[in-house]
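Asks: Structure incoming, see below.
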Amino acid sequence: MFEARVLRRHIVELAYRGRSAHLGCALSLVEICAALYGGVMRYDRDNPSAPDRDLLVLSKGHGVMALYACFRELGWITDDDVRGYLHNGTRLRGLSESDVPGCEVSSGSLGHGLPVAVGMAYGIARLHSDRRVWCIVGDGEMNEGSMWEAMLFAAHHRLEKLTVIVDANGFQAMGRTDEVLSTEPLVAKFEAFGFATVECDGHDLPALTAALAPQDDHRLAPRAVIARTVKGQGLSFAAADNRWHYIRLDEAARAAALEELR
Ligand SMILES: Cc1ncc(C[n+]2csc(CCOP(=O)(O)OP(=O)(O)O)c2C)c(N)n1
């Protein structure tokens with residue numbers, strides 16, 4: 001379960017069936033999602049709405065195919081859902097939508113998911129609950145001012161149950177983040193904003209799992225994991241090629257992708 005190659009096959013199938021953009025955006029998230037669903041996050045496989053579950057907020061909601069790939073493995077969505085992806089009248093859309101069991105918030109308008117996750121973590125702190133909130137953001141999304149305001153609030157209220165995971169693939173929709181509006185150095189900035197911050201290879205599952213595990217460092221602070229990733233990871237023709245933010249898979253590209261992921 002949650003084998004990266006299998007998850008990437010699901011993403012390819014979704015992208016192909018739905019003629020969807022955002023292939024590269026989802027592929028860079030695969031190991032992050034595999035680590036979370038593979039043991040880091042507390043949830044009930046039989047009930048995506050279990051009351052004591054941890055909350056996962058995909059702030060870069062356009063990467064939702066990576067979540068759907070995990071949901072497919074969990075049986076929360078079906079092959080029919082995959083085949084009908086983005087077709088009229090079907091239930092899965094191209095951004096995270098909270099009416100899909102497993103998607104906690106509707107997101108995709110960048111800069112909104114993290115503030116919502118911070119609110120959730122604040123509520124959890126007020127209730128003295130041991131639930132955790134995990135929030136995946138993009139390094140390009142960190143261009144949004146609301147992200148930094150949310151971080152100030154999280155650190156001020158010492159929201160230790162919040163972990164922000166930056167999918168730091170160095171790209172955003174229209175180019176390299178360091179050319180459009182640099183957000184680096186992310187580690188120093190998150191530390192300066194009061195987050196206990198670590199950095200790791202975002203495609204190395206054991207490294208990610210260790211980085212995400214609750215740390216015994218006695219810091220009463222929110223946490224951040226800067227996951228260094230490659231946009232389009234896993235497909236030789238899409239890796240680090242930002243055109244796959246928007247290009248749709250045609251029949252030939254789908255066949256080439258599935259061949260690579262055999
Ligand atoms: C408020 C807002 N502005 C613009 C967009 C259009 N948009 C969609 S994805 C994206 C790039 C986001 O970059 P990043 O967070 O780094 O995502 P990744 O490159 O990992 O896909 C943009 C600008 C949006 N969804 N929301």
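Just so we're on the same page: first chain in the structure tokens is A, next is B, and so on; residues restart at 1 for each chain, and ligands are numbered from 1 in the order they show up.
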Please identify all protein, DNA and RNA residues within 8 Å of ligand 1, counting only C-alpha atoms and all ligand atoms, and report them as JSON, numbers by chain.

Replies: {"A": [22, 24, 25, 26, 28, 60, 61, 62, 63, 108, 109, 110, 111, 137, 138, 139, 140, 141, 142, 144, 167, 168, 169, 170, 171, 172, 173, 174, 177, 231, 242, 245]}

Asks: Only N, CA and C atoms, please: the residues just picked out, written as an mmCIF file, in the first residue's frame.

Replies:
data_model
loop_
_atom_site.group_PDB
_atom_site.id
_atom_site.type_symbol
_atom_site.label_atom_id
_atom_site.label_comp_id
_atom_site.auth_asym_id
_atom_site.auth_seq_id
_atom_site.Cartn_x
_atom_site.Cartn_y
_atom_site.Cartn_z
ATOM 1 N N HIS A 22 -1.840 20.009 -14.146
ATOM 2 C CA HIS A 22 -1.296 19.780 -12.795
ATOM 3 C C HIS A 22 -0.685 18.397 -12.589
ATOM 4 N N GLY A 24 2.574 17.517 -13.063
ATOM 5 C CA GLY A 24 3.848 17.690 -12.340
ATOM 6 C C GLY A 24 3.629 18.075 -10.889
ATOM 7 N N CYS A 25 2.589 18.866 -10.641
ATOM 8 C CA CYS A 25 2.285 19.369 -9.288
ATOM 9 C C CYS A 25 1.912 18.236 -8.344
ATOM 10 N N ALA A 26 1.219 17.225 -8.887
ATOM 11 C CA ALA A 26 0.819 16.072 -8.058
ATOM 12 C C ALA A 26 1.985 15.099 -7.899
ATOM 13 N N SER A 28 5.099 15.585 -7.600
ATOM 14 C CA SER A 28 6.116 15.954 -6.605
ATOM 15 C C SER A 28 5.652 15.677 -5.178
ATOM 16 N N LYS A 60 -1.935 23.569 -1.312
ATOM 17 C CA LYS A 60 -1.768 23.652 -2.776
ATOM 18 C C LYS A 60 -2.772 22.655 -3.379
ATOM 19 N N GLY A 61 -4.045 23.068 -3.360
ATOM 20 C CA GLY A 61 -5.147 22.170 -3.698
ATOM 21 C C GLY A 61 -5.112 21.650 -5.123
ATOM 22 N N HIS A 62 -4.321 22.313 -5.985
ATOM 23 C CA HIS A 62 -4.231 21.829 -7.372
ATOM 24 C C HIS A 62 -3.426 20.530 -7.472
ATOM 25 N N GLY A 63 -2.794 20.101 -6.373
ATOM 26 C CA GLY A 63 -2.069 18.817 -6.376
ATOM 27 C C GLY A 63 -2.945 17.658 -5.949
ATOM 28 N N GLY A 108 -7.272 25.598 -3.171
ATOM 29 C CA GLY A 108 -6.830 25.709 -4.557
ATOM 30 C C GLY A 108 -6.679 27.175 -4.915
ATOM 31 N N SER A 109 -7.438 28.004 -4.202
ATOM 32 C CA SER A 109 -7.140 29.414 -4.250
ATOM 33 C C SER A 109 -5.972 29.580 -3.284
ATOM 34 N N LEU A 110 -4.798 29.785 -3.835
ATOM 35 C CA LEU A 110 -3.572 29.706 -3.028
ATOM 36 C C LEU A 110 -3.588 30.730 -1.901
ATOM 37 N N GLY A 111 -2.986 30.327 -0.774
ATOM 38 C CA GLY A 111 -2.888 31.241 0.362
ATOM 39 C C GLY A 111 -4.019 31.097 1.356
ATOM 40 N N VAL A 137 1.944 22.810 1.643
ATOM 41 C CA VAL A 137 1.928 24.069 0.885
ATOM 42 C C VAL A 137 2.968 23.996 -0.227
ATOM 43 N N GLY A 138 2.841 24.870 -1.211
ATOM 44 C CA GLY A 138 3.833 24.938 -2.281
ATOM 45 C C GLY A 138 4.827 26.064 -2.018
ATOM 46 N N ASP A 139 6.033 25.932 -2.550
ATOM 47 C CA ASP A 139 7.009 27.022 -2.335
ATOM 48 C C ASP A 139 6.576 28.273 -3.103
ATOM 49 N N GLY A 140 5.875 28.070 -4.237
ATOM 50 C CA GLY A 140 5.329 29.230 -4.948
ATOM 51 C C GLY A 140 4.173 29.839 -4.177
ATOM 52 N N GLU A 141 3.391 28.983 -3.540
ATOM 53 C CA GLU A 141 2.267 29.478 -2.741
ATOM 54 C C GLU A 141 2.753 30.392 -1.611
ATOM 55 N N MET A 142 4.007 30.189 -1.189
ATOM 56 C CA MET A 142 4.546 31.034 -0.113
ATOM 57 C C MET A 142 4.720 32.485 -0.566
ATOM 58 N N GLU A 144 2.185 34.169 -1.228
ATOM 59 C CA GLU A 144 0.964 34.801 -0.720
ATOM 60 C C GLU A 144 1.193 35.369 0.685
ATOM 61 N N ASP A 167 6.237 21.652 -0.064
ATOM 62 C CA ASP A 167 6.638 20.889 -1.252
ATOM 63 C C ASP A 167 7.550 21.824 -2.059
ATOM 64 N N ALA A 168 8.825 21.807 -1.698
ATOM 65 C CA ALA A 168 9.770 22.794 -2.236
ATOM 66 C C ALA A 168 10.394 22.273 -3.527
ATOM 67 N N ASN A 169 9.610 22.381 -4.613
ATOM 68 C CA ASN A 169 10.122 21.892 -5.902
ATOM 69 C C ASN A 169 10.743 23.009 -6.744
ATOM 70 N N GLY A 170 10.739 24.215 -6.226
ATOM 71 C CA GLY A 170 11.462 25.306 -6.896
ATOM 72 C C GLY A 170 10.716 25.946 -8.064
ATOM 73 N N PHE A 171 9.528 25.416 -8.368
ATOM 74 C CA PHE A 171 8.753 25.965 -9.487
ATOM 75 C C PHE A 171 7.399 26.454 -9.003
ATOM 76 N N GLN A 172 6.788 27.299 -9.797
ATOM 77 C CA GLN A 172 5.369 27.631 -9.660
ATOM 78 C C GLN A 172 4.794 27.665 -11.066
ATOM 79 N N ALA A 173 3.569 28.169 -11.221
ATOM 80 C CA ALA A 173 2.886 28.001 -12.506
ATOM 81 C C ALA A 173 3.687 28.580 -13.681
ATOM 82 N N MET A 174 4.225 29.770 -13.509
ATOM 83 C CA MET A 174 4.781 30.488 -14.652
ATOM 84 C C MET A 174 6.310 30.518 -14.674
ATOM 85 N N THR A 177 10.492 29.606 -8.929
ATOM 86 C CA THR A 177 10.125 30.497 -7.820
ATOM 87 C C THR A 177 11.228 31.512 -7.555
ATOM 88 N N LYS A 231 9.537 18.706 -9.269
ATOM 89 C CA LYS A 231 8.218 18.767 -9.902
ATOM 90 C C LYS A 231 8.200 17.761 -11.058
ATOM 91 N N ASN A 242 8.729 22.324 -16.146
ATOM 92 C CA ASN A 242 7.549 23.017 -15.615
ATOM 93 C C ASN A 242 6.398 23.129 -16.614
ATOM 94 N N HIS A 245 3.150 21.602 -15.607
ATOM 95 C CA HIS A 245 2.121 22.227 -14.757
ATOM 96 C C HIS A 245 0.798 22.249 -15.531
#

Asks: I'd like the neighbourhood of Val116 (chain A) as a list in words, where a residue qualifies if any of its atoms comes within 12 Å (using only C-alpha atoms), though same-chain residues fewer than 5 positions away should be ignored.

Replies: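 Residues near the query, excluding close chain neighbours: Leu55, Leu56, Val57, Leu58, Ser59, Glu104, Val105, Ser106, Ser107, Leu110, Gly111, Ala121, Tyr122, Gly123, Val133, Trp134, Cys135, Ile136, Ser146, Met147, Glu149, Ala150, Met151, Phe153, Ala154 and Leu162 of chain A.
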
Asks: Using only C-alpha atoms, which protein or nucleic acid residues come within 9 Å of Ala257 (chain A)? Drop anything in the same chain fewer than 2 positions from it, and give the result as a ChimeraX atom specification.

Replies: /A:9,12,234-237,252-255,259-262

Asks: Please indicate the distance in Å from CA of Phe195 (chain A) to CA of Leu181 (chain A), rounded to one decimal place.

Replies: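 A separation of 21.8 Å between them.
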
Asks: What does the distance from CA of His203 (chain A) to CA of Tyr68 (chain A) come to in Å, to one decimal?

Replies: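 According to the coordinates, CA of His203 (chain A) and CA of Tyr68 (chain A) are separated by 18.4 Å.
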
Asks: For CA of Val30 (chain A) and CA of Glu3 (chain A), determine how far apart the two atoms are, in Å to one decimal place.

Replies: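 CA of Glu3 (chain A) lies at a distance of 9.2 Å from CA of Val30 (chain A).
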
Asks: Near Asp216 (chain A), counting only C-alpha atoms, which residues have an atom at most 12 Å away, once you skip same-chain residues fewer than 6 positions from it, shown as an mmCIF file with N, CA and C atoms, in the first residue's frame?

Replies:
data_model
loop_
_atom_site.group_PDB
_atom_site.id
_atom_site.type_symbol
_atom_site.label_atom_id
_atom_site.label_comp_id
_atom_site.auth_asym_id
_atom_site.auth_seq_id
_atom_site.Cartn_x
_atom_site.Cartn_y
_atom_site.Cartn_z
ATOM 1 N N GLU A 160 1.688 23.680 18.662
ATOM 2 C CA GLU A 160 2.629 22.573 18.493
ATOM 3 C C GLU A 160 2.042 21.384 17.745
ATOM 4 N N ALA A 196 9.806 25.216 14.553
ATOM 5 C CA ALA A 196 10.884 24.221 14.659
ATOM 6 C C ALA A 196 10.985 23.557 13.287
ATOM 7 N N ALA A 210 10.949 10.164 9.064
ATOM 8 C CA ALA A 210 11.673 10.604 10.269
ATOM 9 C C ALA A 210 11.459 12.097 10.505
#

Asks: Given only C-alpha atoms as the basis, pick out the residue of A:Ile165, A:Ile11, A:Leu159, A:Leu95 nearest to Val64 (chain A).

Replies: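 Among A:Ile165, A:Ile11, A:Leu159, A:Leu95, it is A:Leu95 that comes nearest to Val64 (chain A).
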
Asks: Could you check which of A:Val100, A:Ala238, A:Ile247, A:Cys33 is closest to Leu212 (chain A), using only C-alpha atoms?

Replies: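 Smallest distance to Leu212 (chain A) is found for A:Cys33.
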
Asks: Give me, as JSON, numbers by chain, the residues of region 150-220 of chain A that a backbone DSSP run labels alpha helix (DSSP H).

Replies: {"A": [150, 151, 152, 153, 154, 155, 156, 177, 178, 179, 180, 186, 187, 188, 189, 190, 191, 192, 205, 206, 207, 208, 209, 210, 211, 212]}

Asks: Restrict the selected residues to N, CA and C atoms and save them as a tab-separated table (two decimals), in the first residue's frame.

Replies:
chain	number	residue	atom	x	y	z
A	150	ALA	N	-0.49	33.81	8.78
A	150	ALA	CA	-0.91	32.58	9.46
A	150	ALA	C	0.25	32.00	10.28
A	151	MET	N	1.47	32.09	9.74
A	151	MET	CA	2.63	31.57	10.48
A	151	MET	C	2.87	32.38	11.75
A	152	LEU	N	2.74	33.70	11.66
A	152	LEU	CA	2.90	34.54	12.85
A	152	LEU	C	1.92	34.10	13.94
A	153	PHE	N	0.67	33.87	13.52
A	153	PHE	CA	-0.37	33.48	14.48
A	153	PHE	C	-0.05	32.12	15.10
A	154	ALA	N	0.39	31.18	14.25
A	154	ALA	CA	0.68	29.82	14.74
A	154	ALA	C	1.81	29.84	15.76
A	155	ALA	N	2.85	30.64	15.49
A	155	ALA	CA	3.98	30.70	16.42
A	155	ALA	C	3.58	31.43	17.70
A	156	HIS	N	2.83	32.53	17.55
A	156	HIS	CA	2.41	33.30	18.71
A	156	HIS	C	1.62	32.42	19.68
A	177	THR	N	10.49	29.61	-8.93
A	177	THR	CA	10.13	30.50	-7.82
A	177	THR	C	11.23	31.51	-7.56
A	178	ASP	N	12.49	31.12	-7.71
A	178	ASP	CA	13.56	32.09	-7.42
A	178	ASP	C	13.64	33.18	-8.49
A	179	GLU	N	12.97	32.99	-9.62
A	179	GLU	CA	12.93	34.05	-10.63
A	179	GLU	C	11.66	34.89	-10.50
A	180	VAL	N	10.53	34.24	-10.15
A	180	VAL	CA	9.27	34.98	-10.06
A	180	VAL	C	9.25	35.84	-8.80
A	186	LEU	N	14.05	29.12	2.88
A	186	LEU	CA	12.84	28.71	3.59
A	186	LEU	C	13.12	28.25	5.02
A	187	VAL	N	14.22	27.52	5.20
A	187	VAL	CA	14.51	27.01	6.56
A	187	VAL	C	14.70	28.19	7.51
A	188	ALA	N	15.55	29.14	7.11
A	188	ALA	CA	15.84	30.30	7.98
A	188	ALA	C	14.57	31.13	8.21
A	189	LYS	N	13.74	31.25	7.18
A	189	LYS	CA	12.53	32.07	7.34
A	189	LYS	C	11.53	31.40	8.28
A	190	PHE	N	11.31	30.09	8.12
A	190	PHE	CA	10.38	29.41	9.04
A	190	PHE	C	10.92	29.46	10.46
A	191	GLU	N	12.23	29.27	10.63
A	191	GLU	CA	12.83	29.36	11.98
A	191	GLU	C	12.60	30.76	12.55
A	192	ALA	N	12.85	31.77	11.72
A	192	ALA	CA	12.70	33.15	12.20
A	192	ALA	C	11.26	33.46	12.58
A	205	LEU	N	11.53	8.31	1.30
A	205	LEU	CA	10.44	7.98	2.24
A	205	LEU	C	10.91	7.84	3.69
A	206	PRO	N	12.00	7.07	3.95
A	206	PRO	CA	12.44	6.98	5.36
A	206	PRO	C	12.85	8.34	5.92
A	207	ALA	N	13.53	9.17	5.11
A	207	ALA	CA	13.95	10.50	5.60
A	207	ALA	C	12.73	11.37	5.90
A	208	LEU	N	11.75	11.30	5.02
A	208	LEU	CA	10.52	12.07	5.23
A	208	LEU	C	9.78	11.60	6.47
A	209	THR	N	9.67	10.29	6.60
A	209	THR	CA	8.95	9.73	7.74
A	209	THR	C	9.62	10.17	9.04
A	210	ALA	N	10.95	10.16	9.06
A	210	ALA	CA	11.67	10.60	10.27
A	210	ALA	C	11.46	12.10	10.50
A	211	ALA	N	11.51	12.88	9.44
A	211	ALA	CA	11.35	14.34	9.59
A	211	ALA	C	9.95	14.70	10.08
A	212	LEU	N	8.96	13.92	9.64
A	212	LEU	CA	7.57	14.24	9.99
A	212	LEU	C	7.17	13.72	11.37

Asks: When you count only C-alpha atoms, which of these residues is closest to Arg17 (chain A): A:Gly38, A:Gly94, A:Gly75, A:Gly113?

Replies: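 Distance minimum relative to Arg17 (chain A) lands on A:Gly94.
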
Asks: Taking 6 positions as the minimum chain separation for residues in the same chain, which residues sit within 12 Å of Arg91 (chain A) when counting only C-alpha atoms? Answer as a list in words.

Replies: Tyr68, Ile77, Thr78, Asp80, Asp81, Val82, Arg83, Gly84, Tyr85, Glu97, Ser98, Asp99, Val100 and Pro101 of chain A

Asks: Which residues, written as a ChimeraX atom specification, have at least one atom at most 8 Å from Leu7 (chain A), with only C-alpha atoms counted and residues fewer than 3 positions away on the same chain left out?

Replies: /A:2-4,10-11,30,66,69-70,73

Asks: With C-alpha atoms kept, could you save the residues just selected as a compact mmCIF listing (two decimals), in the first residue's frame?

Replies:
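Result file again-v5.txt:
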# COMPACT_ATOMS: atom_id res chain seq x y z
CA PHE A 2 1.20 3.54 -0.82
CA GLU A 3 4.00 2.31 -3.05
CA ALA A 4 5.21 5.41 -4.90
CA HIS A 10 -3.07 6.30 -10.37
CA ILE A 11 -2.08 9.94 -10.96
CA VAL A 30 3.74 11.43 -3.90
CA ALA A 66 -1.81 12.87 -5.25
CA ALA A 69 -4.12 8.29 -5.59
CA CYS A 70 -3.93 7.52 -1.85
CA GLU A 73 -5.41 2.69 -2.48

Asks: Mind checking DSSP for region 18-176 of chain A and telling me the strand (DSSP E) residues as a list in words?

Replies: Leu55, Leu56, Val57, Leu58, Val133, Trp134, Cys135, Ile136, Val137, Gly138, Leu162, Thr163, Val164, Ile165, Val166, Asp167, Ala168, Phe171, Gln172, Gly175 and Arg176 of chain A

Asks: Given the choices A:Ile124, A:Ala213, A:Val166, A:Ala224, which gets closest to Phe193 (chain A) if the distance is worked out from only C-alpha atoms?

Replies: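 Closest candidate: A:Ala224.
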
Asks: Ranking A:Pro48, A:Pro214, A:Gly145, A:Gly175 by minimum distance to Asp241 (chain A) and counting only C-alpha atoms, which one comes first?

Replies: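 Nearest candidate to Asp241 (chain A) out of A:Pro48, A:Pro214, A:Gly145, A:Gly175: A:Gly175.
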
Asks: Nearest to Asp44 (chain A) among A:Gly18, A:Gly119, A:Gly89, A:Gly102, with distances taken over only C-alpha atoms: which residue is it?

Replies: A:Gly102

Asks: Write out as number ranges by chain each polymer residue whose atoms come within 6 Å of Tyr246 (chain A), counting only C-alpha atoms; drop sequence neighbours fewer than 2 positions from it.

Replies: A: 21-22, 243-244
